[in-house]
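*Asks:* I am attaching a structure below and will ask some questions about it afterwards.
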Amino acid sequence: MQHWLMKSEPAAFSFDDLHARPGRTDHWDGVRNYQARNFMRQMRRGDQVLFYHSNCEQPAVVGIAEVVREAYPDFTAWDPKSVHFDAASTPDAPRWFMVDVRWKQAFARAVTLTEMKGMRELSEMPLLRRGSRLSVMPVTGEQYRAIVDRGMKRRPTE
DNA sequence: GCCAACGTTGGC
DNA sequence: GCCAACGTTGGC
């Protein structure tokens with residue numbers, strides 16, 4: 001099983017928004033970056049996803065989601081009215097892809113970006129690199145467990 | 001709202 | 001294929 005981190009701006013689509021969807025499930029549309037797209041295509045059903053709130057008052061991982069459908073064409077790229085429209089992507093030759101994720105569990109408390117910067121286990125995370133803009137990234141099992149442990153308060157907080 | 005860092009575009 | 005200009009991301 002693989003682990004991932006996916007960013008979303010809560011003003012656009014929050015972890016609570018995902019919870020409110022039918023089946024607590026939605027498609028992850030709008031990724032328009034090749035590296036992030038390629039990571040999504042590597043996702044497999046059952047992979048665990050850290051849901052990260054970006055570009056907001058308190059950037060943080062707020063909970064866990066799960067991949068329930070593997071990569072398929074992002075149809076919002078074909079819709080001229082969509083902000084994610086891309087004329088270069090067609091149904092015959094889709095350029096962009098998305099996966100479906102299901103809300104799984106909210107953290108007891110958010111694990112903030114500031115806090116993550118102080119965690120030794122996370123020193124290699126792309127998320128913490130200066131200027132990192134990658135919106136979908138792999139997370140190692142160790143990094144995943146370290147973050148979930150914090151979020152679930154299974155470990156005394158400093 | 002600012003602005004540094006990044007990815008993409010397009011002229012050459 | 002280079003690289004300046006541009007638009008976007010996202011922390012602060």
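Naming scheme: A, B, ... for chains in displayed order of the structure tokens; residues 1 onward per chain; ligands 1 onward as shown.
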Neighbouring residues of C:DC12 were defined as those with any atom within 10 Å, considering only C-alpha atoms (C1' of nucleotides); residues of the same chain fewer than 3 positions away were excluded. Please report them as JSON, numbers by chain.
*Replies:* {"A": [57], "B": [2, 3]}
*Asks:* Considering only C-alpha atoms (C1' of nucleotides), return as a list in words whatever protein or nucleic-acid residues lie within 10 Å of A:Ala20, sequence-local ones (same chain, fewer than 6 positions apart) excluded.
*Replies:*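 Counting only the stated atoms, we get Ser14, Asp26 and Trp103 of chain A.
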*Asks:* Suppose you want the space between atom CA of A:Leu128 and atom CA of A:Leu5; what is it in Å?
*Replies:* 12.0 Å
*Asks:* Taking the chain letters and numbering used in this document, name the residues of stretch 32-148 of chain A that DSSP puts in strand (DSSP E), as an MDAnalysis selection string.
*Replies:* chainID A and resid 48:53 60:73 97:112 136:139
*Asks:* Would you list the contacts of stretch 4-9 of chain B as a list in words, taking every protein, DNA or RNA residue within 8 Å and counting only C-alpha atoms (C1' of nucleotides), but skipping same-chain residues closer than 2 positions in sequence?
*Replies:* Arg130, Gly131, Ser132 and Arg133 of chain A
*Asks:* For stretch 64-78 of chain A, work out the shell of residues within 9 Å, counting only C-alpha atoms (C1' of nucleotides) and skipping chain neighbours fewer than 3 positions away, then give it as a compact mmCIF listing (two decimals) with N, CA, C and O atoms, in the first residue's frame.
*Replies:*
```txt
# COMPACT_ATOMS: atom_id res chain seq x y z
N PHE A 15 -11.70 19.45 3.50
CA PHE A 15 -11.88 18.06 3.96
C PHE A 15 -13.34 17.85 4.39
O PHE A 15 -13.92 16.78 4.16
N THR A 25 -17.34 10.67 -1.06
CA THR A 25 -16.39 10.42 -2.14
C THR A 25 -16.52 11.49 -3.21
O THR A 25 -17.62 11.97 -3.50
N HIS A 27 -14.27 13.12 -6.99
CA HIS A 27 -13.12 13.02 -7.89
C HIS A 27 -12.20 14.21 -7.64
O HIS A 27 -12.65 15.29 -7.28
N TRP A 28 -10.90 13.97 -7.85
CA TRP A 28 -9.89 14.99 -7.58
C TRP A 28 -9.52 15.63 -8.91
O TRP A 28 -8.53 15.28 -9.54
N ASP A 29 -10.31 16.61 -9.30
CA ASP A 29 -10.11 17.21 -10.62
C ASP A 29 -9.22 18.45 -10.51
O ASP A 29 -8.92 18.93 -9.42
N GLY A 30 -8.79 18.92 -11.65
CA GLY A 30 -8.10 20.20 -11.70
C GLY A 30 -6.59 20.16 -11.58
O GLY A 30 -5.94 21.21 -11.63
N VAL A 31 -6.02 18.98 -11.42
CA VAL A 31 -4.55 18.91 -11.37
C VAL A 31 -4.01 19.19 -12.77
O VAL A 31 -4.34 18.48 -13.72
N MET A 40 -0.52 10.78 -9.55
CA MET A 40 -1.89 10.28 -9.46
C MET A 40 -2.07 8.99 -10.27
O MET A 40 -2.82 8.11 -9.89
N ARG A 41 -1.37 8.91 -11.38
CA ARG A 41 -1.49 7.70 -12.21
C ARG A 41 -0.84 6.49 -11.55
O ARG A 41 -1.09 5.37 -11.94
N GLN A 42 0.01 6.76 -10.56
CA GLN A 42 0.62 5.64 -9.82
C GLN A 42 -0.24 5.19 -8.65
O GLN A 42 0.06 4.19 -8.00
N MET A 43 -1.28 5.94 -8.37
CA MET A 43 -2.12 5.60 -7.21
C MET A 43 -2.91 4.34 -7.47
O MET A 43 -3.34 4.08 -8.59
N ARG A 44 -3.09 3.57 -6.40
CA ARG A 44 -3.87 2.34 -6.49
C ARG A 44 -4.98 2.37 -5.45
O ARG A 44 -4.84 2.98 -4.40
N ARG A 45 -6.04 1.69 -5.79
CA ARG A 45 -7.16 1.59 -4.87
C ARG A 45 -6.68 1.10 -3.50
O ARG A 45 -5.89 0.15 -3.43
N GLY A 46 -7.09 1.80 -2.46
CA GLY A 46 -6.67 1.43 -1.11
C GLY A 46 -5.50 2.24 -0.59
O GLY A 46 -5.22 2.21 0.60
N ASP A 47 -4.83 2.97 -1.48
CA ASP A 47 -3.75 3.84 -1.01
C ASP A 47 -4.32 4.89 -0.05
O ASP A 47 -5.45 5.36 -0.23
N GLN A 48 -3.51 5.27 0.93
CA GLN A 48 -3.95 6.24 1.94
C GLN A 48 -3.44 7.64 1.60
O GLN A 48 -2.30 7.80 1.17
N VAL A 49 -4.31 8.61 1.81
CA VAL A 49 -4.01 9.98 1.40
C VAL A 49 -4.12 10.93 2.59
O VAL A 49 -5.16 10.99 3.25
N LEU A 50 -3.05 11.68 2.83
CA LEU A 50 -3.11 12.75 3.82
C LEU A 50 -3.72 13.97 3.14
O LEU A 50 -3.25 14.40 2.09
N PHE A 51 -4.77 14.49 3.74
CA PHE A 51 -5.49 15.63 3.15
C PHE A 51 -4.93 16.91 3.76
O PHE A 51 -5.06 17.14 4.97
N VAL A 61 -2.22 19.30 7.72
CA VAL A 61 -2.87 18.03 7.38
C VAL A 61 -4.03 17.87 8.36
O VAL A 61 -3.85 17.97 9.57
N LYS A 81 -16.34 25.81 -20.27
CA LYS A 81 -16.80 26.70 -19.21
C LYS A 81 -16.07 26.47 -17.89
O LYS A 81 -16.20 27.25 -16.95
N SER A 82 -15.31 25.40 -17.82
CA SER A 82 -14.58 25.09 -16.59
C SER A 82 -13.31 25.93 -16.48
O SER A 82 -12.64 26.20 -17.48
N VAL A 83 -12.98 26.30 -15.25
CA VAL A 83 -11.72 27.01 -15.05
C VAL A 83 -10.53 26.09 -15.33
O VAL A 83 -9.41 26.56 -15.53
N HIS A 84 -10.80 24.80 -15.37
CA HIS A 84 -9.73 23.84 -15.63
C HIS A 84 -9.66 23.41 -17.09
O HIS A 84 -8.96 22.47 -17.44
N PHE A 85 -10.43 24.11 -17.93
CA PHE A 85 -10.45 23.75 -19.36
C PHE A 85 -9.05 23.80 -19.97
O PHE A 85 -8.26 24.70 -19.70
N ASP A 86 -8.77 22.79 -20.80
CA ASP A 86 -7.51 22.76 -21.55
C ASP A 86 -7.80 22.19 -22.93
O ASP A 86 -8.05 20.98 -23.09
N ALA A 87 -7.76 23.06 -23.93
CA ALA A 87 -8.10 22.66 -25.30
C ALA A 87 -7.18 21.56 -25.82
O ALA A 87 -7.53 20.84 -26.77
N ALA A 88 -6.01 21.41 -25.20
CA ALA A 88 -5.07 20.40 -25.67
C ALA A 88 -5.43 19.00 -25.18
O ALA A 88 -4.83 18.02 -25.62
N SER A 89 -6.38 18.91 -24.27
CA SER A 89 -6.82 17.61 -23.79
C SER A 89 -8.15 17.25 -24.43
O SER A 89 -9.10 18.04 -24.39
N THR A 90 -8.23 16.08 -25.03
CA THR A 90 -9.46 15.64 -25.70
C THR A 90 -9.85 14.25 -25.18
O THR A 90 -9.01 13.54 -24.64
N PRO A 91 -11.11 13.87 -25.37
CA PRO A 91 -11.52 12.52 -24.95
C PRO A 91 -10.69 11.43 -25.63
O PRO A 91 -10.43 10.38 -25.03
N PRO A 94 -6.63 12.21 -23.81
CA PRO A 94 -6.69 13.00 -22.57
C PRO A 94 -5.29 13.32 -22.05
O PRO A 94 -4.41 12.45 -22.06
N ARG A 95 -5.12 14.53 -21.64
CA ARG A 95 -3.82 14.93 -21.10
C ARG A 95 -3.83 14.86 -19.57
O ARG A 95 -2.82 14.61 -18.95
N TRP A 96 -4.99 15.14 -18.99
CA TRP A 96 -5.08 15.24 -17.52
C TRP A 96 -5.94 14.13 -16.94
O TRP A 96 -6.92 13.71 -17.56
N PHE A 97 -5.58 13.73 -15.74
CA PHE A 97 -6.27 12.61 -15.10
C PHE A 97 -6.66 12.96 -13.67
O PHE A 97 -6.16 13.92 -13.10
N MET A 98 -7.59 12.17 -13.15
CA MET A 98 -7.99 12.36 -11.75
C MET A 98 -8.24 10.99 -11.13
O MET A 98 -8.34 9.98 -11.83
N VAL A 99 -8.30 10.97 -9.82
CA VAL A 99 -8.68 9.76 -9.09
C VAL A 99 -9.89 10.12 -8.23
O VAL A 99 -10.21 11.29 -8.05
N ASP A 100 -10.57 9.09 -7.72
CA ASP A 100 -11.62 9.32 -6.73
C ASP A 100 -11.06 9.00 -5.35
O ASP A 100 -10.35 8.00 -5.18
N VAL A 101 -11.37 9.86 -4.40
CA VAL A 101 -10.95 9.62 -3.02
C VAL A 101 -12.17 9.65 -2.10
O VAL A 101 -13.14 10.38 -2.35
N ARG A 102 -12.09 8.85 -1.06
CA ARG A 102 -13.17 8.81 -0.07
C ARG A 102 -12.66 9.28 1.27
O ARG A 102 -11.57 8.85 1.72
N TRP A 103 -13.43 10.16 1.90
CA TRP A 103 -13.13 10.62 3.26
C TRP A 103 -13.05 9.41 4.17
O TRP A 103 -13.90 8.52 4.10
N LYS A 104 -12.01 9.36 4.99
CA LYS A 104 -11.86 8.19 5.87
C LYS A 104 -11.90 8.54 7.34
O LYS A 104 -12.65 7.95 8.10
N GLN A 105 -11.08 9.51 7.73
CA GLN A 105 -11.00 9.83 9.15
C GLN A 105 -10.46 11.23 9.35
O GLN A 105 -9.47 11.62 8.72
N ALA A 106 -11.11 11.99 10.23
CA ALA A 106 -10.60 13.32 10.58
C ALA A 106 -9.62 13.17 11.73
O ALA A 106 -9.83 12.37 12.65
N PHE A 107 -8.56 13.94 11.69
CA PHE A 107 -7.63 13.96 12.81
C PHE A 107 -8.32 14.55 14.04
O PHE A 107 -9.21 15.40 13.92
N VAL A 148 0.25 10.80 11.17
CA VAL A 148 -1.00 10.26 11.70
C VAL A 148 -0.93 10.14 13.23
O VAL A 148 -1.90 10.44 13.93
```
*Asks:* How many Å separate atom CA of A:Glu142 from atom CA of A:Pro126?
*Replies:* 14.4 Å
*Asks:* How far is it from atom CA of A:Ala60 to atom CA of A:Met116, in Å with one decimal?
*Replies:*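 Going from atom CA of A:Ala60 over to atom CA of A:Met116, I get 8.6 Å.
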*Asks:* For chain A against chain C, which residues fall within 12 Å using only C-alpha atoms (C1' of nucleotides), given as a ChimeraX atom specification?
*Replies:* /A:7-9,32-33,53-60,113-114,127-135
*Asks:* Please run DSSP on the backbone and report, as number ranges by chain, all residues within chain A that come out as helix (DSSP H, G or I).
*Replies:* A: 15-20, 22-24, 34-42, 75-78, 113-117, 120-122, 126-128, 141-151
